[in-house]
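Visitor: Data file my_file-v3.pdb (PDB, C-alpha atoms) is appended below.
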ATOM      1  CA  MET M 185       0.000   0.000   0.000
ATOM      2  CA  LYS M 186       1.299   3.426  -0.986
ATOM      3  CA  TYR M 187       0.417   6.651   0.817
ATOM      4  CA  VAL M 188      -0.206   9.529  -1.563
ATOM      5  CA  TYR M 189      -0.370  13.299  -1.112
ATOM      6  CA  VAL M 190      -1.112  15.975  -3.724
ATOM      7  CA  LEU M 191       0.581  19.341  -3.220
ATOM      8  CA  THR M 192       0.368  22.531  -5.264
ATOM      9  CA  SER M 193       1.931  25.442  -3.442
ATOM     10  CA  THR M 194       3.942  28.651  -3.672
ATOM     11  CA  PRO M 195       6.293  30.150  -1.067
ATOM     12  CA  LYS M 196       3.515  32.611  -0.218
ATOM     13  CA  ASP M 197       1.049  30.036   1.134
ATOM     14  CA  LEU M 198       1.194  27.389   3.881
ATOM     15  CA  TYR M 199       0.230  24.246   1.972
ATOM     16  CA  TYR M 200       3.828  23.014   1.853
ATOM     17  CA  GLU M 201       4.138  23.364   5.628
ATOM     18  CA  GLN M 202       0.858  21.482   6.168
ATOM     19  CA  CYS M 203       2.038  18.714   3.870
ATOM     20  CA  LEU M 204       5.377  18.545   5.685
ATOM     21  CA  MET M 205       3.617  18.142   9.043
ATOM     22  CA  SER M 206       1.407  15.346   7.755
ATOM     23  CA  VAL M 207       4.193  13.468   5.966
ATOM     24  CA  TRP M 208       6.475  13.868   8.998
ATOM     25  CA  SER M 209       3.762  12.488  11.290
ATOM     26  CA  LEU M 210       3.158   9.518   8.971
ATOM     27  CA  ARG M 211       6.875   8.756   8.837
ATOM     28  CA  GLN M 212       7.110   8.662  12.648
ATOM     29  CA  HIS M 213       4.555   5.842  12.765
ATOM     30  CA  MET M 214       5.603   4.005   9.602
ATOM     31  CA  ARG M 215       9.359   4.147   9.040
ATOM     32  CA  ALA M 216       9.263   1.923   5.945
ATOM     33  CA  ALA M 217       6.087   3.286   4.331
ATOM     34  CA  GLU M 218       6.158   4.305   0.674
ATOM     35  CA  ILE M 219       5.063   7.932   0.792
ATOM     36  CA  ILE M 220       4.551   9.632  -2.561
ATOM     37  CA  VAL M 221       3.950  13.361  -2.953
ATOM     38  CA  LEU M 222       2.545  14.391  -6.328
ATOM     39  CA  VAL M 223       3.335  18.000  -7.238
ATOM     40  CA  ASP M 224       3.079  20.214 -10.285
ATOM     41  CA  ASP M 225       6.136  21.594 -12.045
ATOM     42  CA  LYS M 226       5.876  25.102 -10.537
ATOM     43  CA  THR M 227       5.624  23.713  -7.030
ATOM     44  CA  LYS M 228       8.603  21.454  -7.662
ATOM     45  CA  ALA M 229      10.634  24.430  -8.903
ATOM     46  CA  SER M 230       9.996  26.193  -5.585
ATOM     47  CA  PHE M 231      11.685  23.389  -3.623
ATOM     48  CA  THR M 232      14.987  25.183  -3.101
ATOM     49  CA  PRO M 233      17.174  25.921  -0.057
ATOM     50  CA  GLU M 234      16.596  29.640  -0.667
ATOM     51  CA  ASN M 235      12.858  29.094  -0.201
ATOM     52  CA  LYS M 236      13.513  26.782   2.757
ATOM     53  CA  ARG M 237      11.537  24.065   0.988
ATOM     54  CA  VAL M 238      13.756  20.989   0.946
ATOM     55  CA  GLU M 239      12.866  19.288   4.243
ATOM     56  CA  LEU M 240      10.086  17.284   2.582
ATOM     57  CA  TYR M 241      12.686  15.247   0.699
ATOM     58  CA  LYS M 242      13.823  13.735   4.018
ATOM     59  CA  TYR M 243      10.474  12.100   4.708
ATOM     60  CA  ALA M 244       8.827  11.446   1.339
ATOM     61  CA  SER M 245       9.898   8.318  -0.528
ATOM     62  CA  ARG M 246       9.319  10.030  -3.854
ATOM     63  CA  ILE M 247       8.272  13.460  -5.062
ATOM     64  CA  VAL M 248       6.745  13.169  -8.522
ATOM     65  CA  SER M 249       6.409  16.294 -10.656
ATOM     66  CA  ILE M 250       3.685  16.741 -13.307
ATOM     67  CA  ASP M 251       3.993  19.402 -16.005
ATOM     68  CA  PHE M 252       1.223  21.844 -16.914
ATOM     69  CA  GLU M 253       0.824  24.819 -19.204
ATOM     70  CA  ASP M 254       1.607  28.091 -17.439
ATOM     71  CA  LYS M 255      -1.981  29.313 -17.716
ATOM     72  CA  VAL M 256      -3.314  26.469 -15.544
ATOM     73  CA  THR M 257      -3.985  27.778 -12.021
ATOM     74  CA  ASN M 258      -2.794  26.101  -8.838
ATOM     75  CA  VAL M 259      -6.323  25.049  -7.879
ATOM     76  CA  GLU M 260      -6.799  23.444 -11.286
ATOM     77  CA  ARG M 261      -3.425  21.717 -11.047
ATOM     78  CA  SER M 262      -4.336  20.292  -7.659
ATOM     79  CA  ARG M 263      -7.701  18.962  -8.849
ATOM     80  CA  LEU M 264      -6.331  17.604 -12.115
ATOM     81  CA  ILE M 265      -3.650  15.643 -10.285
ATOM     82  CA  LYS M 266      -5.902  14.440  -7.476
ATOM     83  CA  THR M 267      -8.617  13.127  -9.793
ATOM     84  CA  ALA M 268      -6.046  11.241 -11.879
ATOM     85  CA  ILE M 269      -3.798   9.685  -9.214
ATOM     86  CA  PRO M 270      -3.810   6.198 -10.855
ATOM     87  CA  ASP M 271      -2.139   7.792 -13.901
ATOM     88  CA  TYR M 272       0.898   8.586 -11.742
ATOM     89  CA  VAL M 273       0.856   5.897  -9.038
ATOM     90  CA  GLU M 274       0.777   2.180  -9.727
ATOM     91  CA  GLY M 275      -0.938  -0.284  -7.410
ATOM     92  CA  SER M 276      -3.062   0.266  -4.320
ATOM     93  CA  PHE M 277      -2.880   3.532  -2.421
ATOM     94  CA  LEU M 278      -4.408   5.618   0.333
ATOM     95  CA  TYR M 279      -4.823   9.248  -0.672
ATOM     96  CA  ILE M 280      -4.424  11.690   2.248
ATOM     97  CA  ASP M 281      -5.149  15.440   2.264
ATOM     98  CA  CYS M 282      -2.286  17.691   3.346
ATOM     99  CA  ASP M 283      -4.218  19.320   6.220
ATOM    100  CA  THR M 284      -4.065  16.170   8.324
ATOM    101  CA  ILE M 285      -2.060  14.720  11.180
ATOM    102  CA  ILE M 286      -1.344  10.998  11.286
ATOM    103  CA  CYS M 287      -1.880   9.514  14.745
ATOM    104  CA  ASP M 288      -0.973   5.853  14.308
ATOM    105  CA  ASP M 289       0.277   3.101  12.008
ATOM    106  CA  LEU M 290      -2.042   2.999   8.976
ATOM    107  CA  SER M 291      -1.142  -0.452   7.645
ATOM    108  CA  GLU M 292      -4.366  -2.094   8.783
ATOM    109  CA  ILE M 293      -6.199  -0.102   6.090
ATOM    110  CA  GLU M 294      -5.091  -2.896   3.767
ATOM    111  CA  ASN M 295      -7.471  -5.265   5.583
ATOM    112  CA  GLU M 296     -10.549  -3.235   4.649
ATOM    113  CA  PRO M 297     -12.816  -5.264   2.323
ATOM    114  CA  PHE M 298     -13.487  -2.403  -0.111
ATOM    115  CA  ALA M 299     -11.859  -1.785  -3.480
ATOM    116  CA  THR M 300     -12.592   1.927  -3.124
ATOM    117  CA  ALA M 301     -13.749   3.696   0.015
ATOM    118  CA  GLY M 302     -14.036   6.974   1.854
ATOM    119  CA  ILE M 303     -15.531   8.448   5.011
ATOM    120  CA  LEU M 304     -18.861  10.243   5.405
ATOM    121  CA  ASP M 305     -18.522  14.002   5.381
ATOM    122  CA  ALA M 306     -19.175  15.272   8.924
ATOM    123  CA  HIS M 307     -19.605  11.609   9.917
ATOM    124  CA  CYS M 308     -23.311  11.658   9.117
ATOM    125  CA  LEU M 309     -25.852  10.893   6.406
ATOM    126  CA  LEU M 310     -27.235  13.635   4.189
ATOM    127  CA  ASP M 311     -30.474  14.195   6.140
ATOM    128  CA  GLU M 312     -28.458  14.988   9.276
ATOM    129  CA  HIS M 313     -25.839  17.164   7.566
ATOM    130  CA  ILE M 314     -25.744  20.870   8.383
ATOM    131  CA  HIS M 315     -24.865  21.579   4.730
ATOM    132  CA  LYS M 316     -27.546  19.349   3.192
ATOM    133  CA  ASN M 317     -29.305  22.159   1.342
ATOM    134  CA  TYR M 318     -25.982  23.577   0.138
ATOM    135  CA  PHE M 319     -24.920  20.201  -1.298
ATOM    136  CA  LEU M 320     -28.245  19.681  -3.059
ATOM    137  CA  LYS M 321     -28.335  23.226  -4.414
ATOM    138  CA  ARG M 322     -24.826  22.895  -5.820
ATOM    139  CA  ASP M 323     -25.592  19.501  -7.355
ATOM    140  CA  LYS M 324     -28.709  20.916  -8.978
ATOM    141  CA  LYS M 325     -26.686  23.746 -10.514
ATOM    142  CA  LEU M 326     -24.198  21.225 -11.875
ATOM    143  CA  GLY M 327     -26.855  18.778 -13.069
ATOM    144  CA  PHE M 328     -25.620  16.114 -10.622
ATOM    145  CA  LYS M 329     -27.652  13.477  -8.783
ATOM    146  CA  GLY M 330     -24.974  11.690  -6.778
ATOM    147  CA  THR M 331     -25.457  13.200  -3.329
ATOM    148  CA  LYS M 332     -29.242  12.948  -3.370
ATOM    149  CA  GLU M 333     -29.342   9.420  -4.773
ATOM    150  CA  ALA M 334     -26.750   8.133  -2.310
ATOM    151  CA  GLY M 335     -28.283   9.982   0.623
ATOM    152  CA  LEU M 336     -24.798  10.931   1.787
ATOM    153  CA  ASN M 337     -21.676  12.885   0.902
ATOM    154  CA  ILE M 338     -18.272  11.234   0.973
ATOM    155  CA  ASN M 339     -15.453  13.478   2.145
ATOM    156  CA  GLY M 340     -12.595  13.704  -0.341
ATOM    157  CA  GLY M 341      -9.888  14.057   2.309
ATOM    158  CA  ILE M 342      -9.113  10.349   2.587
ATOM    159  CA  ILE M 343      -9.661   7.883  -0.265
ATOM    160  CA  LEU M 344      -8.758   4.205  -0.293
ATOM    161  CA  ALA M 345      -8.120   2.851  -3.794
ATOM    162  CA  LYS M 346      -6.988  -0.733  -4.295
ATOM    163  CA  GLU M 347      -5.502  -1.783  -7.585
ATOM    164  CA  GLY M 348      -8.141  -2.903 -10.076
ATOM    165  CA  GLU M 349     -10.837  -1.833 -12.490
ATOM    166  CA  GLU M 350     -13.146  -0.354  -9.842
ATOM    167  CA  SER M 351     -10.485   2.098  -8.721
ATOM    168  CA  ARG M 352      -9.469   3.060 -12.248
ATOM    169  CA  SER M 353     -13.098   3.550 -13.274
ATOM    170  CA  LEU M 354     -13.874   5.745 -10.254
ATOM    171  CA  PHE M 355     -10.915   8.058 -10.841
ATOM    172  CA  LYS M 356     -11.417   8.215 -14.607
ATOM    173  CA  THR M 357     -15.040   9.240 -14.082
ATOM    174  CA  TRP M 358     -14.096  11.650 -11.293
ATOM    175  CA  ASN M 359     -11.579  13.341 -13.577
ATOM    176  CA  GLU M 360     -14.121  13.659 -16.388
ATOM    177  CA  VAL M 361     -16.883  14.917 -14.086
ATOM    178  CA  TRP M 362     -14.572  17.446 -12.438
ATOM    179  CA  LYS M 363     -13.456  18.837 -15.807
ATOM    180  CA  TYR M 364     -17.104  19.292 -16.765
ATOM    181  CA  SER M 365     -17.839  20.933 -13.410
ATOM    182  CA  ALA M 366     -14.822  23.243 -13.644
ATOM    183  CA  TYR M 367     -14.730  24.205 -17.304
ATOM    184  CA  LYS M 368     -18.408  24.095 -18.221
ATOM    185  CA  LYS M 369     -20.030  25.125 -14.938
ATOM    186  CA  HIS M 370     -17.142  27.092 -13.388
ATOM    187  CA  ASP M 371     -17.272  25.154 -10.115
ATOM    188  CA  LEU M 372     -13.849  23.972  -8.933
ATOM    189  CA  HIS M 373     -14.985  21.855  -5.973
ATOM    190  CA  ASP M 374     -13.737  18.297  -6.203
ATOM    191  CA  GLN M 375     -15.996  16.704  -3.576
ATOM    192  CA  SER M 376     -19.242  17.184  -5.472
ATOM    193  CA  ALA M 377     -17.573  15.654  -8.527
ATOM    194  CA  LEU M 378     -16.311  12.712  -6.439
ATOM    195  CA  ASN M 379     -19.783  11.917  -5.177
ATOM    196  CA  GLU M 380     -21.214  12.208  -8.671
ATOM    197  CA  ALA M 381     -18.487   9.877  -9.971
ATOM    198  CA  ASN M 382     -19.315   7.399  -7.224
ATOM    199  CA  PHE M 383     -22.977   7.521  -8.306
ATOM    200  CA  ARG M 384     -22.188   7.119 -12.008
ATOM    201  CA  THR M 385     -19.979   4.105 -11.318
ATOM    202  CA  GLY M 386     -22.635   2.302  -9.280
ATOM    203  CA  LEU M 387     -22.202   3.659  -5.728
ATOM    204  CA  LYS M 388     -19.474   1.104  -5.098
ATOM    205  CA  MET M 389     -17.372   3.154  -2.673
ATOM    206  CA  GLY M 390     -17.318   1.591   0.780
ATOM    207  CA  HIS M 391     -17.711   3.614   3.962
ATOM    208  CA  LEU M 392     -14.728   3.479   6.299
ATOM    209  CA  ASP M 393     -14.938   4.006  10.038
ATOM    210  CA  GLY M 394     -14.626   7.627  11.119
ATOM    211  CA  LYS M 395     -11.271   6.940  12.764
ATOM    212  CA  TRP M 396      -9.699   7.054   9.288
ATOM    213  CA  ASN M 397     -10.727  10.678   8.753
ATOM    214  CA  CYS M 398     -11.562  12.141  12.137
ATOM    215  CA  GLN M 399     -13.104  15.491  11.268
ATOM    216  CA  VAL M 400     -12.879  16.950  14.749
ATOM    217  CA  SER M 401     -14.870  20.082  13.973
ATOM    218  CA  HIS M 402     -17.566  18.148  12.118
ATOM    219  CA  GLY M 403     -18.868  15.449  14.431
ATOM    220  CA  GLY M 404     -15.533  13.675  14.738
ATOM    221  CA  LEU M 405     -15.021  13.865  18.517
ATOM    222  CA  GLN M 406     -16.686  10.465  18.890
ATOM    223  CA  PHE M 407     -13.845   8.977  16.812
ATOM    224  CA  LEU M 408     -10.972  10.895  18.400
ATOM    225  CA  LYS M 409      -9.922   8.186  20.875
ATOM    226  CA  GLU M 410      -9.299   5.638  18.095
ATOM    227  CA  ALA M 411      -8.378   8.163  15.402
ATOM    228  CA  LYS M 412      -5.776   7.114  12.848
ATOM    229  CA  ILE M 413      -5.938  10.407  10.936
ATOM    230  CA  ILE M 414      -7.089  13.806  12.201
ATOM    231  CA  HIS M 415      -8.410  16.105   9.470
ATOM    232  CA  TYR M 416      -8.422  19.695  10.716
ATOM    233  CA  TYR M 417      -9.690  21.532   7.600
ATOM    234  CA  SER M 418      -7.117  24.298   7.142
ATOM    235  CA  SER M 419      -9.433  26.226   4.807
ATOM    236  CA  GLU M 420     -11.826  26.899   7.688
ATOM    237  CA  PHE M 421      -9.413  29.320   9.293
ATOM    238  CA  SER M 422      -8.648  31.543   6.327
ATOM    239  CA  GLY M 423     -10.812  34.418   7.574
ATOM    240  CA  LYS M 424      -9.488  36.886  10.134
ATOM    241  CA  ASN M 425     -12.373  36.153  12.506
ATOM    242  CA  TYR M 426     -11.819  32.400  12.645
ATOM    243  CA  VAL M 427      -9.925  31.063  15.655
ATOM    244  CA  PRO M 428      -8.549  27.556  15.119
ATOM    245  CA  TYR M 429      -9.891  25.003  17.597
ATOM    246  CA  TYR M 430      -6.956  22.733  16.713
ATOM    247  CA  LYS M 431      -3.547  24.111  17.670
ATOM    248  CA  LEU M 432      -1.743  22.526  14.709
ATOM    249  CA  ALA M 433      -4.084  24.382  12.342
ATOM    250  CA  ASP M 434      -2.853  27.725  13.665
ATOM    251  CA  LYS M 435      -1.280  29.823  10.901
ATOM    252  CA  THR M 436       1.179  31.340  13.380
ATOM    253  CA  LEU M 437       2.515  27.869  14.156
ATOM    254  CA  GLN M 438       2.703  26.950  10.474
ATOM    255  CA  ASN M 439       4.529  30.192   9.737
ATOM    256  CA  ARG M 440       7.150  29.196  12.292
ATOM    257  CA  ILE M 441       7.757  26.061  10.212
ATOM    258  CA  LYS M 442       7.991  28.210   7.070
ATOM    259  CA  LYS M 443      10.540  30.509   8.685
ATOM    260  CA  ALA M 444      12.639  27.609   9.978
ATOM    261  CA  GLY M 445      12.303  25.428   6.893
ATOM    262  CA  SER M 446      11.783  22.463   9.221
ATOM    263  CA  ILE M 447       9.529  21.487  12.106
ATOM    264  CA  PRO M 448      10.773  22.934  15.420
ATOM    265  CA  GLU M 449      11.127  20.473  18.282
ATOM    266  CA  ASP M 450       8.200  21.823  20.312
ATOM    267  CA  ILE M 451       5.897  21.464  17.307
ATOM    268  CA  GLN M 452       7.220  17.946  16.702
ATOM    269  CA  ASN M 453       6.230  17.106  20.270
ATOM    270  CA  MET M 454       2.743  18.448  19.638
ATOM    271  CA  ILE M 455       2.422  16.343  16.485
ATOM    272  CA  LEU M 456       3.493  13.255  18.424
ATOM    273  CA  ASP M 457       0.650  13.907  20.881
ATOM    274  CA  PRO M 458      -2.007  14.884  18.324
ATOM    275  CA  LYS M 459      -5.197  14.067  20.218
ATOM    276  CA  PHE M 460      -4.629  16.696  22.903
ATOM    277  CA  GLN M 461      -3.843  19.744  20.783
ATOM    278  CA  PHE M 462      -6.981  21.828  21.224
ATOM    279  CA  ASN M 463      -7.470  25.496  21.972
ATOM    280  CA  TYR M 464     -10.199  26.880  24.197
ATOM    281  CA  VAL M 465     -13.432  26.560  22.235
ATOM    282  CA  HIS M 466     -17.160  26.975  22.788
ATOM    283  CA  LEU M 467     -19.187  23.859  22.052
ATOM    284  CA  ILE M 468     -22.692  24.576  20.786
ATOM    285  CA  ASN M 469     -25.158  21.774  21.451
ATOM    286  CA  ASP M 470     -28.447  23.619  20.976
ATOM    287  CA  ARG M 471     -29.937  22.077  17.823
ATOM    288  CA  ARG M 472     -31.823  25.290  17.029
ATOM    289  CA  ILE M 473     -28.551  27.222  16.861
ATOM    290  CA  VAL M 474     -26.587  24.497  15.081
ATOM    291  CA  ASP M 475     -29.221  24.411  12.327
ATOM    292  CA  ILE M 476     -28.770  28.104  11.515
ATOM    293  CA  MET M 477     -25.021  28.444  12.033
ATOM    294  CA  GLN M 478     -24.391  28.536   8.281
ATOM    295  CA  SER M 479     -27.377  30.759   7.540
ATOM    296  CA  PRO M 480     -26.670  34.077   5.779
ATOM    297  CA  LEU M 481     -28.716  35.664   8.569
ATOM    298  CA  THR M 482     -26.202  34.470  11.184
ATOM    299  CA  PHE M 483     -23.240  35.917   9.274
ATOM    300  CA  THR M 484     -25.135  39.169   8.685
ATOM    301  CA  ILE M 485     -25.765  39.581  12.406
ATOM    302  CA  ALA M 486     -22.094  38.823  13.105
ATOM    303  CA  ASP M 487     -21.045  41.493  10.600
ATOM    304  CA  ILE M 488     -23.416  44.017  12.163
ATOM    305  CA  LYS M 489     -21.941  43.327  15.616
ATOM    306  CA  ALA M 490     -18.410  43.786  14.290
ATOM    307  CA  LYS M 491     -18.949  46.835  12.074
ATOM    308  CA  LEU M 492     -22.039  48.552  13.535
ATOM    309  CA  PRO M 493     -22.005  47.712  17.259
ATOM    310  CA  PHE M 494     -24.489  50.485  18.127
ATOM    311  CA  LEU M 495     -27.046  49.006  15.722
ATOM    312  CA  PHE M 496     -26.382  45.531  17.113
ATOM    313  CA  LYS M 497     -27.105  46.796  20.657
ATOM    314  CA  ILE M 498     -30.429  48.221  19.491
ATOM    315  CA  MET M 499     -31.377  44.955  17.767
ATOM    316  CA  GLU M 500     -30.218  42.953  20.772
ATOM    317  CA  GLY M 501     -32.318  45.080  23.125
ATOM    318  CA  GLN M 502     -35.405  44.686  20.948
ATOM    319  CA  ALA M 503     -34.882  40.913  20.752
ATOM    320  CA  ALA M 504     -34.445  40.675  24.528
ATOM    321  CA  PHE M 505     -37.656  42.663  25.051
ATOM    322  CA  LEU M 506     -39.617  40.390  22.705
ATOM    323  CA  ARG M 507     -38.216  37.256  24.412
ATOM    324  CA  SER M 508     -39.217  38.576  27.831
ATOM    325  CA  ILE M 509     -42.780  39.141  26.598
ATOM    326  CA  GLY M 510     -42.823  35.675  25.086
ATOM    327  CA  LYS M 511     -41.688  34.079  28.357
ATOM    328  CA  LYS M 512     -44.388  35.954  30.314
ATOM    329  CA  LEU M 513     -47.077  34.829  27.880
ATOM    330  CA  LYS M 514     -45.787  31.248  28.084
ATOM    331  CA  ARG M 515     -46.031  31.290  31.880
TER
END
Go ahead and render the structure in this file as structure tokens.

Guide:
Amino acid sequence: MKYVYVLTSTPKDLYYEQCLMSVWSLRQHMRAAEIIVLVDDKTKASFTPENKRVELYKYASRIVSIDFEDKVTNVERSRLIKTAIPDYVEGSFLYIDCDTIICDDLSEIENEPFATAGILDAHCLLDEHIHKNYFLKRDKKLGFKGTKEAGLNINGGIILAKEGEESRSLFKTWNEVWKYSAYKKHDLHDQSALNEANFRTGLKMGHLDGKWNCQVSHGGLQFLKEAKIIHYYSSEFSGKNYVPYYKLADKTLQNRIKKAGSIPEDIQNMILDPKFQFNYVHLINDRRIVDIMQSPLTFTIADIKAKLPFLFKIMEGQAAFLRSIGKKLKR
């Protein structure tokens, strides 16, 4: 079994540093593992001592470069490589997103009975998913049926693909569907295309236990104790108002790795103890609030509080007054 990463990055972002952390963590648990990092030609050219981007060579078994025309963007390069991994890697493999930390030996993945498999997004079926309407709306725009027909959404962060026709067919279809999505519908997401490809190839993808892709911010706490891979979703913390719940997702920490060109010892120690690296967070368990957390109304109110605090205080006072009346009427 090979372990495969896809990296497209420039010295201005932090994707290289995230990949380095994940590959380093995998190597600590599996000294003899075959770890392959697929990169595009521009990313490969940035791997120089001057850019402090050579440490990855110490832990990856192979770094494979794929050429593209200059006009192809980094996002496109990433998706085009990811959806065509069997073109560059022979045999069975486990694809792993860069924004992950490996917590244990992964070799038992070979015992899974599936030819292709993934993990449920947010560890739940579609009807329970906070983004259900978003998934269905996007699929409708793209002319896809996969998510609705399957009643679930498979997360693209971890994909098991054993050598054989089923794996080749899934990736070939995924590549074709993504190209249609990107170049005809101008939607660059790869997960919607993956789920559509799974549908078009007969819904053959198996469902792995959540420990293989523990999405700690998306229902994954129940799998944390046995977690093999922690997926911390680096893209969640791109906005200035987002505080990372997971310490290893902190951009300040990742920038320290960038500056050093390697992983400092204190960060190595954190990676070696990955299930206890959490910042102070507020857990919301009121279903009414959870259901509207991604509502445009919620973000609008948050913007009003940040930019027009006086208006927020007025609205808050009015809401408190109405709630007090409601409570009196209820009594």

Visitor: Can you list, as a list in words, every protein, DNA or RNA residue that comes within 8 Å of M:Asp311 when you count only C-alpha atoms, leaving out same-chain residues fewer than 2 positions away?

Guide: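 Near neighbours after the sequence-gap exclusion: Leu309, His313, Lys316, Gly335 and Leu336 of chain M.
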
Visitor: Given all atoms listed in the file as the basis, pick out the residue of M:Gly327, M:Gly501, M:Pro458, M:Gly394 nearest to M:Cys287.

Guide: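 Between M:Gly327, M:Gly501, M:Pro458, M:Gly394, the residue approaching M:Cys287 most closely is M:Pro458.
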
Visitor: In Å, rounded to a single decimal, give me how far atom CA of M:Phe277 is from atom CA of M:Glu410.

Guide: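 Going from atom CA of M:Glu410 over to atom CA of M:Phe277, I get 21.6 Å.
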
Visitor: Considering all atoms listed in the file, tabulate each residue of stretch 366-440 of chain M that lies at most 12 Å from stretch 250-257 of chain M along with its nearest interatomic pair and the corresponding distance in Å to one decimal; arrange the rows by chain and ascending residue number and present them as a tab-separated table.

Guide:
residue	atom	partner	partner_atom	distance
M:Ala366	CA	M:Thr257	CA	11.9
M:Tyr367	CA	M:Val256	CA	11.8
M:Leu372	CA	M:Thr257	CA	11.0

Visitor: Just need the box for stretch 469-481 of chain M, edges along x, y and z, holding every atom the file lists for it with 8 Å tacked onto each side, so centre and edge lengths in Å to one decimal, as lines of an AutoDock Vina configuration file.

Guide:
center_x = -28.1
center_y = 28.7
center_z = 13.6
size_x = 23.4
size_y = 29.9
size_z = 31.7

Visitor: Which residue is closest to M:Ile414? Choose from M:Thr232, M:Asn359, M:Thr436, M:Gln461 and count all atoms listed in the file.

Guide: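 Using all atoms listed in the file, M:Ile414 sits closest to M:Gln461.
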
Visitor: Distance atom CA of M:Val400-atom CA of M:Ala433, one decimal place?

Guide: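 Distance between the two atoms: 11.8 Å.
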
Visitor: Please, which residues in stretch 278-359 of chain M fall within 10 Å of stretch 442-457 of chain M when counting only C-alpha atoms, and what is the closest atom pair and distance in Å to one decimal for each, ordered by chain then residue number, as CSV?

Guide:
residue,atom,partner,partner_atom,distance
M:Ile285,CA,M:Ile455,CA,7.1
M:Ile286,CA,M:Ile455,CA,8.4
M:Cys287,CA,M:Leu456,CA,7.5
M:Asp288,CA,M:Leu456,CA,9.6

Visitor: Just give me the residues with any atom within 9 Å of (-15.5, 7.5, 8.6), file coordinates, counting only C-alpha atoms, written as a PyMOL selection string.

Guide: chain M and resi 302-308+338-339+391-399+404+407

Visitor: Evaluating the PyMOL selection byres ((chain M and resi 389) around 7) on the displayed file yields which residues, as a JSON list (two decimals) with C-alpha atoms, keeping the file's coordinate frame?

Guide:
[["chain", "number", "residue", "atom", "x", "y", "z"],
["M", 300, "THR", "CA", -12.59, 1.93, -3.12],
["M", 301, "ALA", "CA", -13.75, 3.70, 0.02],
["M", 302, "GLY", "CA", -14.04, 6.97, 1.85],
["M", 382, "ASN", "CA", -19.32, 7.40, -7.22],
["M", 387, "LEU", "CA", -22.20, 3.66, -5.73],
["M", 388, "LYS", "CA", -19.47, 1.10, -5.10],
["M", 390, "GLY", "CA", -17.32, 1.59, 0.78],
["M", 391, "HIS", "CA", -17.71, 3.61, 3.96]]

Visitor: To one decimal place, how far is atom CA of M:Lys226 from atom CA of M:Pro195 in Å?

Guide: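 Result for atom CA of M:Lys226 versus atom CA of M:Pro195: 10.7 Å, one decimal.
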